[in-house]
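Next comes run-v6.cif, a file with mmCIF, C-alpha atoms.
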data_protein
loop_
_atom_site.group_PDB
_atom_site.id
_atom_site.type_symbol
_atom_site.label_atom_id
_atom_site.label_comp_id
_atom_site.auth_asym_id
_atom_site.auth_seq_id
_atom_site.Cartn_x
_atom_site.Cartn_y
_atom_site.Cartn_z
ATOM 1 C CA MET A 1 -8.303 195.443 257.714
ATOM 2 C CA GLU A 2 -8.972 198.549 255.647
ATOM 3 C CA THR A 3 -7.747 201.769 257.238
ATOM 4 C CA GLU A 4 -9.901 204.867 257.626
ATOM 5 C CA ARG A 5 -7.681 206.635 255.117
ATOM 6 C CA GLY A 6 -8.097 203.749 252.662
ATOM 7 C CA ILE A 7 -11.865 203.838 252.977
ATOM 8 C CA ALA A 8 -11.940 207.572 252.323
ATOM 9 C CA ALA A 9 -9.719 207.147 249.286
ATOM 10 C CA THR A 10 -12.234 204.808 247.651
ATOM 11 C CA MET A 11 -15.154 207.243 247.916
ATOM 12 C CA PRO A 12 -15.806 210.438 245.954
ATOM 13 C CA ALA A 13 -16.014 213.753 247.724
ATOM 14 C CA GLU A 14 -19.495 214.351 249.134
ATOM 15 C CA ALA A 15 -20.626 210.805 248.282
ATOM 16 C CA ALA A 16 -23.586 210.992 250.666
ATOM 17 C CA SER A 17 -26.519 213.338 250.257
ATOM 18 C CA ALA A 18 -25.933 216.898 251.491
ATOM 19 C CA GLY A 19 -25.783 217.038 255.269
ATOM 20 C CA LYS A 20 -25.588 213.245 255.600
ATOM 21 C CA GLU A 21 -21.848 212.716 255.265
ATOM 22 C CA PRO A 22 -20.510 210.045 257.669
ATOM 23 C CA ARG A 23 -18.416 211.329 260.539
ATOM 24 C CA THR A 24 -16.882 208.068 261.747
ATOM 25 C CA ALA A 25 -14.851 205.232 260.227
ATOM 26 C CA ARG A 26 -17.798 202.904 260.841
ATOM 27 C CA GLY A 27 -20.088 205.269 258.976
ATOM 28 C CA ARG A 28 -17.671 205.437 256.070
ATOM 29 C CA ARG A 29 -17.535 201.635 255.957
ATOM 30 C CA THR A 30 -21.333 201.512 255.851
ATOM 31 C CA LEU A 31 -21.436 204.104 253.087
ATOM 32 C CA ARG A 32 -18.832 202.109 251.139
ATOM 33 C CA ALA A 33 -20.913 198.949 251.536
ATOM 34 C CA ILE A 34 -24.036 200.738 250.288
ATOM 35 C CA LEU A 35 -22.253 202.081 247.214
ATOM 36 C CA ASP A 36 -20.792 198.652 246.406
ATOM 37 C CA ALA A 37 -24.218 197.071 246.831
ATOM 38 C CA ALA A 38 -25.781 199.754 244.619
ATOM 39 C CA ALA A 39 -23.270 198.899 241.887
ATOM 40 C CA GLU A 40 -24.361 195.255 242.069
ATOM 41 C CA GLU A 41 -28.072 196.089 242.185
ATOM 42 C CA PHE A 42 -28.101 198.607 239.347
ATOM 43 C CA GLY A 43 -25.531 196.642 237.346
ATOM 44 C CA GLU A 44 -27.714 193.547 237.463
ATOM 45 C CA LYS A 45 -31.233 195.044 237.314
ATOM 46 C CA GLY A 46 -30.794 198.549 235.954
ATOM 47 C CA PHE A 47 -31.942 201.729 237.661
ATOM 48 C CA HIS A 48 -35.684 201.339 237.212
ATOM 49 C CA GLU A 49 -35.889 197.712 238.333
ATOM 50 C CA GLY A 50 -33.320 198.136 241.090
ATOM 51 C CA SER A 51 -34.579 199.074 244.546
ATOM 52 C CA VAL A 52 -33.409 200.539 247.808
ATOM 53 C CA SER A 53 -34.448 197.346 249.611
ATOM 54 C CA GLY A 54 -32.350 195.347 247.144
ATOM 55 C CA ILE A 55 -29.362 197.579 247.854
ATOM 56 C CA THR A 56 -29.679 197.270 251.632
ATOM 57 C CA ARG A 57 -30.151 193.511 251.396
ATOM 58 C CA ARG A 58 -26.961 193.185 249.356
ATOM 59 C CA ALA A 59 -25.106 195.528 251.711
ATOM 60 C CA GLY A 60 -26.339 193.716 254.809
ATOM 61 C CA VAL A 61 -27.597 196.913 256.426
ATOM 62 C CA ALA A 62 -30.964 198.068 257.701
ATOM 63 C CA LEU A 63 -33.215 200.182 255.499
ATOM 64 C CA GLY A 64 -32.806 203.039 257.937
ATOM 65 C CA SER A 65 -29.047 202.984 257.415
ATOM 66 C CA PHE A 66 -29.601 203.748 253.743
ATOM 67 C CA TYR A 67 -31.589 206.879 254.542
ATOM 68 C CA THR A 68 -28.973 207.923 257.068
ATOM 69 C CA TYR A 69 -26.705 208.637 254.096
ATOM 70 C CA PHE A 70 -28.943 209.029 251.038
ATOM 71 C CA ASP A 71 -32.215 210.827 250.402
ATOM 72 C CA SER A 72 -33.457 208.485 247.680
ATOM 73 C CA LYS A 73 -32.645 205.894 245.032
ATOM 74 C CA ASP A 74 -31.866 208.753 242.647
ATOM 75 C CA ALA A 75 -29.372 210.167 245.137
ATOM 76 C CA VAL A 76 -27.456 206.923 245.543
ATOM 77 C CA PHE A 77 -27.391 206.466 241.773
ATOM 78 C CA ARG A 78 -25.855 209.918 241.294
ATOM 79 C CA ALA A 79 -23.316 209.147 244.002
ATOM 80 C CA LEU A 80 -22.541 205.809 242.385
ATOM 81 C CA VAL A 81 -21.739 207.405 239.015
ATOM 82 C CA ARG A 82 -19.295 209.756 240.752
ATOM 83 C CA ASP A 83 -17.901 206.882 242.779
ATOM 84 C CA MET A 84 -17.238 204.684 239.759
ATOM 85 C CA SER A 85 -15.555 207.544 237.934
ATOM 86 C CA ASN A 86 -13.431 208.110 241.021
ATOM 87 C CA GLN A 87 -12.523 204.426 241.273
ATOM 88 C CA VAL A 88 -11.360 204.318 237.658
ATOM 89 C CA ARG A 89 -9.223 207.404 238.203
ATOM 90 C CA GLU A 90 -7.609 205.988 241.343
ATOM 91 C CA HIS A 91 -7.012 202.618 239.698
ATOM 92 C CA VAL A 92 -5.281 204.154 236.680
ATOM 93 C CA ALA A 93 -3.447 207.092 238.260
ATOM 94 C CA PRO A 94 -0.429 205.229 239.742
ATOM 95 C CA ALA A 95 0.357 203.638 236.365
ATOM 96 C CA LEU A 96 0.121 207.002 234.635
ATOM 97 C CA ARG A 97 2.519 208.574 237.123
ATOM 98 C CA ALA A 98 5.015 205.713 236.811
ATOM 99 C CA ALA A 99 5.221 205.815 233.004
ATOM 100 C CA PRO A 100 8.488 207.247 231.614
ATOM 101 C CA HIS A 101 6.915 208.815 228.504
ATOM 102 C CA GLN A 102 3.441 210.035 227.562
ATOM 103 C CA ILE A 103 2.853 207.285 225.009
ATOM 104 C CA ASP A 104 3.754 204.791 227.727
ATOM 105 C CA ALA A 105 1.330 206.585 230.026
ATOM 106 C CA GLU A 106 -1.527 206.312 227.543
ATOM 107 C CA ARG A 107 -0.743 202.624 227.079
ATOM 108 C CA ALA A 108 -0.742 202.102 230.845
ATOM 109 C CA GLY A 109 -3.965 204.059 231.233
ATOM 110 C CA LEU A 110 -5.800 201.876 228.715
ATOM 111 C CA LEU A 111 -4.277 198.684 230.090
ATOM 112 C CA HIS A 112 -5.350 199.366 233.654
ATOM 113 C CA PHE A 113 -8.753 200.656 232.570
ATOM 114 C CA MET A 114 -9.429 197.401 230.715
ATOM 115 C CA ARG A 115 -8.323 195.379 233.722
ATOM 116 C CA PHE A 116 -10.677 197.412 235.895
ATOM 117 C CA VAL A 117 -13.567 196.912 233.474
ATOM 118 C CA ARG A 118 -13.117 193.147 233.457
ATOM 119 C CA GLN A 119 -13.592 193.184 237.217
ATOM 120 C CA HIS A 120 -16.418 195.749 237.145
ATOM 121 C CA LYS A 121 -18.413 195.102 233.989
ATOM 122 C CA GLU A 122 -21.433 196.814 235.539
ATOM 123 C CA ILE A 123 -19.793 200.194 235.030
ATOM 124 C CA TYR A 124 -20.975 200.359 231.422
ATOM 125 C CA ARG A 125 -24.626 199.707 232.221
ATOM 126 C CA ILE A 126 -24.575 202.220 235.062
ATOM 127 C CA ILE A 127 -22.826 204.988 233.131
ATOM 128 C CA ASP A 128 -25.013 204.410 230.052
ATOM 129 C CA GLU A 129 -28.191 204.607 232.145
ATOM 130 C CA ALA A 130 -26.965 207.835 233.675
ATOM 131 C CA GLU A 131 -27.537 209.537 230.326
ATOM 132 C CA PHE A 132 -31.276 209.201 230.948
ATOM 133 C CA VAL A 133 -31.511 208.933 234.736
ATOM 134 C CA ASP A 134 -29.157 211.809 235.547
ATOM 135 C CA PRO A 135 -27.780 213.536 232.432
ATOM 136 C CA GLU A 136 -25.708 215.943 234.514
ATOM 137 C CA SER A 137 -23.761 213.080 236.108
ATOM 138 C CA PHE A 138 -23.372 211.391 232.723
ATOM 139 C CA ARG A 139 -21.932 214.510 231.164
ATOM 140 C CA ALA A 140 -19.710 215.236 234.154
ATOM 141 C CA HIS A 141 -18.246 211.731 234.018
ATOM 142 C CA TYR A 142 -17.019 212.179 230.464
ATOM 143 C CA THR A 143 -16.099 215.851 230.554
ATOM 144 C CA THR A 144 -13.971 215.500 233.679
ATOM 145 C CA THR A 145 -12.271 212.419 232.242
ATOM 146 C CA ALA A 146 -11.507 214.254 228.994
ATOM 147 C CA GLU A 147 -10.221 217.255 230.926
ATOM 148 C CA ARG A 148 -7.767 215.058 232.816
ATOM 149 C CA ILE A 149 -6.522 213.520 229.567
ATOM 150 C CA ARG A 150 -6.165 216.942 227.999
ATOM 151 C CA ALA A 151 -4.192 218.228 230.974
ATOM 152 C CA ARG A 152 -1.723 215.354 230.853
ATOM 153 C CA LEU A 153 -1.336 215.642 227.069
ATOM 154 C CA GLU A 154 -0.632 219.369 227.319
ATOM 155 C CA ALA A 155 1.891 218.727 230.091
ATOM 156 C CA ALA A 156 3.542 216.124 227.866
ATOM 157 C CA ALA A 157 3.610 218.611 224.989
ATOM 158 C CA ALA A 158 5.393 221.083 227.235
ATOM 159 C CA ARG A 159 8.000 218.398 227.943
ATOM 160 C CA GLY A 160 8.401 217.749 224.215
ATOM 161 C CA GLU A 161 7.011 214.206 224.358
ATOM 162 C CA VAL A 162 4.057 214.751 222.000
ATOM 163 C CA ILE A 163 3.148 217.277 219.328
ATOM 164 C CA PRO A 164 2.548 220.827 220.587
ATOM 165 C CA GLU A 165 -0.917 221.023 218.987
ATOM 166 C CA VAL A 166 -2.564 218.545 221.370
ATOM 167 C CA GLY A 167 -5.828 219.722 222.869
ATOM 168 C CA GLU A 168 -9.464 218.912 223.509
ATOM 169 C CA VAL A 169 -10.077 216.926 220.305
ATOM 170 C CA HIS A 170 -7.115 214.657 220.981
ATOM 171 C CA ALA A 171 -8.288 214.124 224.566
ATOM 172 C CA TRP A 172 -11.810 213.158 223.512
ATOM 173 C CA ALA A 173 -10.450 210.890 220.775
ATOM 174 C CA ILE A 174 -8.267 208.989 223.239
ATOM 175 C CA MET A 175 -11.104 208.740 225.730
ATOM 176 C CA GLY A 176 -13.455 207.483 223.016
ATOM 177 C CA MET A 177 -11.005 204.777 221.996
ATOM 178 C CA ASN A 178 -10.568 203.659 225.577
ATOM 179 C CA VAL A 179 -14.316 203.562 226.250
ATOM 180 C CA PHE A 180 -15.130 201.418 223.232
ATOM 181 C CA LEU A 181 -12.099 199.177 223.579
ATOM 182 C CA GLY A 182 -13.128 198.562 227.175
ATOM 183 C CA LEU A 183 -16.608 197.680 225.976
ATOM 184 C CA ARG A 184 -15.394 195.346 223.227
ATOM 185 C CA TYR A 185 -12.561 193.596 225.066
ATOM 186 C CA GLY A 186 -13.663 194.023 228.666
ATOM 187 C CA VAL A 187 -17.429 193.583 228.666
ATOM 188 C CA TRP A 188 -18.522 191.887 225.450
ATOM 189 C CA SER A 189 -15.623 189.469 225.231
ATOM 190 C CA GLU A 190 -12.188 188.780 226.690
ATOM 191 C CA ASP A 191 -10.789 187.205 223.530
ATOM 192 C CA ALA A 192 -7.737 189.478 223.421
ATOM 193 C CA SER A 193 -5.315 190.301 226.207
ATOM 194 C CA PRO A 194 -5.402 193.851 227.586
ATOM 195 C CA GLU A 195 -1.648 193.993 227.005
ATOM 196 C CA ASP A 196 -2.012 193.266 223.287
ATOM 197 C CA VAL A 197 -4.799 195.804 222.873
ATOM 198 C CA ALA A 198 -2.825 198.452 224.760
ATOM 199 C CA ASP A 199 0.284 197.731 222.669
ATOM 200 C CA THR A 200 -1.684 198.195 219.441
ATOM 201 C CA VAL A 201 -3.124 201.512 220.569
ATOM 202 C CA ALA A 202 0.233 202.765 221.848
ATOM 203 C CA ALA A 203 1.828 201.973 218.484
ATOM 204 C CA MET A 204 -0.963 203.816 216.693
ATOM 205 C CA LEU A 205 -0.551 206.860 218.933
ATOM 206 C CA ALA A 206 3.204 206.837 218.437
ATOM 207 C CA ARG A 207 3.278 206.305 214.683
ATOM 208 C CA GLY A 208 -0.209 207.032 213.371
ATOM 209 C CA LEU A 209 -1.850 205.076 210.553
ATOM 210 C CA ALA A 210 -0.252 206.611 207.481
ATOM 211 C CA THR A 211 2.406 204.681 205.570
ATOM 212 C CA GLY A 212 4.559 207.770 205.167
ATOM 213 C CA LYS A 213 4.218 207.789 201.381
#
Before anything else, please render the file you have as structure tokens.
Amino acid sequence: METERGIAATMPAEAASAGKEPRTARGRRTLRAILDAAAEEFGEKGFHEGSVSGITRRAGVALGSFYTYFDSKDAVFRALVRDMSNQVREHVAPALRAAPHQIDAERAGLLHFMRFVRQHKEIYRIIDEAEFVDPESFRAHYTTTAERIRARLEAAAARGEVIPEVGEVHAWAIMGMNVFLGLRYGVWSEDASPEDVADTVAAMLARGLATGK
């Protein structure tokens, strides 16, 4: 049985609409069920074809329960984008912390991201739609991700594990690789193992592409 702490850990801060945050473990479980159902509904039908009634049917809750926590379909979509970003971060973070070197950390980050994507293919449709449904959430998803990568690269530079010039461009480049590799080998096809893909990228980060001539 999931603990109250575990439920809270799987939801972003302020997941519900303002003033509608759940105050009990039962309420948090209901909110979690609604967000999971929204991921299924929007992942399958898209934002415009998806509906609140479809979300509540998938979640097994009454329509009124939806409006207890969210003002509208737009509100749950915004919360879902934050929630999915949060889930990726929590899925990857332990592997990043356990890595002995920054190149190992980047390998682990990509590996666990690809594993997550294979189990949650809907994330790409939802995040891509956010560019048009809620551009602010779309931009926040990528900028906060890049900022986290930049912070860990700069910390690694301070430890002498990577070049001292690392910064924003490097962070966005790594994020871009991960996003498109997840799309190619996690959503479009699973014809290569995540381990092999992560090994290839780690080698490229460690040695670059030049022959040295």
Within 8 Å of range 148-161 of chain A, counting all atoms listed in the file, which residues qualify if same-chain residues fewer than 4 places away don't, as a PyMOL selection string?
chain A and resi 101-102+144+165-168+170-171+174-175
Applied to this file, what does the PyMOL selection byres ((chain A and resi 66-70) around 6) return in terms of residues, put as a compact mmCIF listing (two decimals) with C-alpha atoms, in the frame of the given file?
# COMPACT_ATOMS: atom_id res chain seq x y z
CA ALA A 16 -23.59 210.99 250.67
CA SER A 17 -26.52 213.34 250.26
CA LYS A 20 -25.59 213.24 255.60
CA LEU A 63 -33.22 200.18 255.50
CA GLY A 64 -32.81 203.04 257.94
CA SER A 65 -29.05 202.98 257.42
CA ASP A 71 -32.22 210.83 250.40
CA SER A 72 -33.46 208.48 247.68
Just the number, please: distance in Å from CA of Phe132 in chain A to CA of Asp83 in chain A, one decimal.
18.0 Å
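Between CA of Val52 in chain A and CA of Ala37 in chain A the interatomic distance comes to 9.9 Å.
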d(CA of Ala75 in chain A, CA of Ala18 in chain A) in Å:
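Going from CA of Ala75 in chain A over to CA of Ala18 in chain A covers 9.9 Å.
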Step by step, work through what the PyMOL selection byres ((chain A and resi 204-211) around 10) selects in the shown file, and finish by giving those residues as a PDB file with C-alpha atoms, keeping the file's coordinate frame.
ATOM      1  CA  GLN A 102       3.441 210.035 227.562  1.00  0.00           C
ATOM      2  CA  ILE A 103       2.853 207.285 225.009  1.00  0.00           C
ATOM      3  CA  ASP A 104       3.754 204.791 227.727  1.00  0.00           C
ATOM      4  CA  GLU A 106      -1.527 206.312 227.543  1.00  0.00           C
ATOM      5  CA  ARG A 107      -0.743 202.624 227.079  1.00  0.00           C
ATOM      6  CA  VAL A 162       4.057 214.751 222.000  1.00  0.00           C
ATOM      7  CA  ILE A 174      -8.267 208.989 223.239  1.00  0.00           C
ATOM      8  CA  ALA A 198      -2.825 198.452 224.760  1.00  0.00           C
ATOM      9  CA  ASP A 199       0.284 197.731 222.669  1.00  0.00           C
ATOM     10  CA  THR A 200      -1.684 198.195 219.441  1.00  0.00           C
ATOM     11  CA  VAL A 201      -3.124 201.512 220.569  1.00  0.00           C
ATOM     12  CA  ALA A 202       0.233 202.765 221.848  1.00  0.00           C
ATOM     13  CA  ALA A 203       1.828 201.973 218.484  1.00  0.00           C
ATOM     14  CA  GLY A 212       4.559 207.770 205.167  1.00  0.00           C
ATOM     15  CA  LYS A 213       4.218 207.789 201.381  1.00  0.00           C
TER      16      LYS A 213
END
Go through the shown structure with the PyMOL selection byres ((chain A and resi 39-51) around 7) and write out the matching residues as a short mmCIF file (atom, residue, chain, number, x, y, z; two decimals) with C-alpha atoms, keeping the file's coordinate frame.
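Wrote it out as part-v4.cif, contents follow:
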data_model
loop_
_atom_site.label_atom_id
_atom_site.label_comp_id
_atom_site.auth_asym_id
_atom_site.auth_seq_id
_atom_site.Cartn_x
_atom_site.Cartn_y
_atom_site.Cartn_z
CA LEU A 35 -22.25 202.08 247.21
CA ASP A 36 -20.79 198.65 246.41
CA ALA A 37 -24.22 197.07 246.83
CA ALA A 38 -25.78 199.75 244.62
CA VAL A 52 -33.41 200.54 247.81
CA SER A 53 -34.45 197.35 249.61
CA GLY A 54 -32.35 195.35 247.14
CA ILE A 55 -29.36 197.58 247.85
CA LEU A 80 -22.54 205.81 242.38
CA GLU A 122 -21.43 196.81 235.54
CA ARG A 125 -24.63 199.71 232.22
CA ILE A 126 -24.58 202.22 235.06
#
Given all atoms listed in the file as the basis, pick out the residue of A:Val187, A:Val169, A:Val76, A:Val88 nearest to Val133 in chain A.
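The answer is A:Val76, which sits nearest to Val133 in chain A.
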Neighbouring residues of range 108-121 of chain A were defined as those with any atom within 6 Å, considering all atoms listed in the file; residues of the same chain fewer than 2 positions away were excluded. Please report them as a list of chain:residue names.
A:Val92, A:Ala95, A:Ala105, A:Glu106, A:Ile123, A:Asn178, A:Gly182, A:Gly186, A:Val187, A:Pro194, A:Ala198
For Phe77 in chain A, which of A:Phe180, A:Glu147, A:Gly19, A:Ile127 is the closest residue, counting only C-alpha atoms?
A:Ile127
Using 5 Å of padding on each side, determine the axis-aligned box around all atoms of range 166-177 of chain A present in the file and give its centre and edge lengths in Å to one decimal, as lines of an AutoDock Vina configuration file.
center_x = -8.0
center_y = 212.2
center_z = 223.0
size_x = 20.9
size_y = 24.9
size_z = 15.4
Could you give me range 68-79 of chain A completed to all heavy atoms, formatted as a short mmCIF file (atom, residue, chain, number, x, y, z; two decimals), in the coordinates of the input?
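out.cif, written as the output of this step:
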data_model
loop_
_atom_site.label_atom_id
_atom_site.label_comp_id
_atom_site.auth_asym_id
_atom_site.auth_seq_id
_atom_site.Cartn_x
_atom_site.Cartn_y
_atom_site.Cartn_z
N THR A 68 -29.91 207.13 256.26
CA THR A 68 -28.97 207.92 257.07
C THR A 68 -28.01 208.66 256.16
O THR A 68 -27.55 209.77 256.49
CB THR A 68 -28.18 207.01 258.02
OG1 THR A 68 -29.09 206.39 258.93
CG2 THR A 68 -27.13 207.80 258.80
N TYR A 69 -27.71 208.06 254.99
CA TYR A 69 -26.70 208.64 254.10
C TYR A 69 -27.25 209.14 252.76
O TYR A 69 -26.62 209.99 252.13
CB TYR A 69 -25.62 207.59 253.83
CG TYR A 69 -24.96 207.11 255.09
CD1 TYR A 69 -25.20 205.84 255.59
CD2 TYR A 69 -24.12 207.95 255.83
CE1 TYR A 69 -24.62 205.41 256.78
CE2 TYR A 69 -23.54 207.54 257.01
CZ TYR A 69 -23.79 206.25 257.48
OH TYR A 69 -23.22 205.84 258.66
N PHE A 70 -28.39 208.64 252.34
CA PHE A 70 -28.94 209.03 251.04
C PHE A 70 -30.43 209.38 251.14
O PHE A 70 -31.18 208.73 251.86
CB PHE A 70 -28.76 207.90 250.01
CG PHE A 70 -27.32 207.58 249.72
CD1 PHE A 70 -26.72 206.46 250.26
CD2 PHE A 70 -26.56 208.44 248.93
CE1 PHE A 70 -25.39 206.17 250.01
CE2 PHE A 70 -25.23 208.16 248.67
CZ PHE A 70 -24.64 207.03 249.21
N ASP A 71 -30.82 210.38 250.38
CA ASP A 71 -32.22 210.83 250.40
C ASP A 71 -33.14 209.90 249.61
O ASP A 71 -34.33 209.81 249.92
CB ASP A 71 -32.34 212.25 249.82
CG ASP A 71 -31.66 213.28 250.70
OD1 ASP A 71 -31.54 213.06 251.91
OD2 ASP A 71 -31.23 214.33 250.15
N SER A 72 -32.60 209.24 248.59
CA SER A 72 -33.46 208.48 247.68
C SER A 72 -32.63 207.56 246.80
O SER A 72 -31.38 207.59 246.82
CB SER A 72 -34.22 209.45 246.77
OG SER A 72 -33.30 210.19 245.96
N LYS A 73 -33.32 206.75 246.01
CA LYS A 73 -32.65 205.89 245.03
C LYS A 73 -31.92 206.75 244.01
O LYS A 73 -30.81 206.41 243.57
CB LYS A 73 -33.66 204.98 244.35
CG LYS A 73 -33.03 203.98 243.38
CD LYS A 73 -34.04 202.96 242.87
CE LYS A 73 -34.95 203.54 241.82
NZ LYS A 73 -35.73 202.48 241.11
N ASP A 74 -32.53 207.85 243.59
CA ASP A 74 -31.87 208.75 242.65
C ASP A 74 -30.56 209.28 243.22
O ASP A 74 -29.55 209.39 242.50
CB ASP A 74 -32.79 209.93 242.30
CG ASP A 74 -34.02 209.50 241.54
OD1 ASP A 74 -34.91 208.89 242.17
OD2 ASP A 74 -34.11 209.78 240.34
N ALA A 75 -30.57 209.60 244.51
CA ALA A 75 -29.37 210.17 245.14
C ALA A 75 -28.23 209.17 245.17
O ALA A 75 -27.08 209.51 244.91
CB ALA A 75 -29.70 210.64 246.55
N VAL A 76 -28.53 207.91 245.50
CA VAL A 76 -27.46 206.92 245.54
C VAL A 76 -26.96 206.62 244.13
O VAL A 76 -25.77 206.35 243.93
CB VAL A 76 -27.90 205.64 246.28
CG1 VAL A 76 -28.84 204.78 245.44
CG2 VAL A 76 -26.66 204.81 246.69
N PHE A 77 -27.83 206.69 243.15
CA PHE A 77 -27.39 206.47 241.77
C PHE A 77 -26.43 207.56 241.34
O PHE A 77 -25.38 207.28 240.74
CB PHE A 77 -28.58 206.42 240.82
CG PHE A 77 -28.21 206.07 239.41
CD1 PHE A 77 -28.06 204.75 239.02
CD2 PHE A 77 -27.99 207.07 238.47
CE1 PHE A 77 -27.70 204.43 237.71
CE2 PHE A 77 -27.63 206.76 237.17
CZ PHE A 77 -27.49 205.43 236.79
N ARG A 78 -26.76 208.81 241.64
CA ARG A 78 -25.86 209.92 241.29
C ARG A 78 -24.51 209.74 241.99
O ARG A 78 -23.45 209.94 241.38
CB ARG A 78 -26.48 211.26 241.70
CG ARG A 78 -27.61 211.72 240.81
CD ARG A 78 -27.95 213.17 241.07
NE ARG A 78 -28.41 213.40 242.44
CZ ARG A 78 -29.68 213.30 242.82
NH1 ARG A 78 -30.61 212.95 241.95
NH2 ARG A 78 -30.02 213.54 244.07
N ALA A 79 -24.56 209.36 243.26
CA ALA A 79 -23.32 209.15 244.00
C ALA A 79 -22.52 208.00 243.41
O ALA A 79 -21.28 208.04 243.36
CB ALA A 79 -23.63 208.87 245.47
#
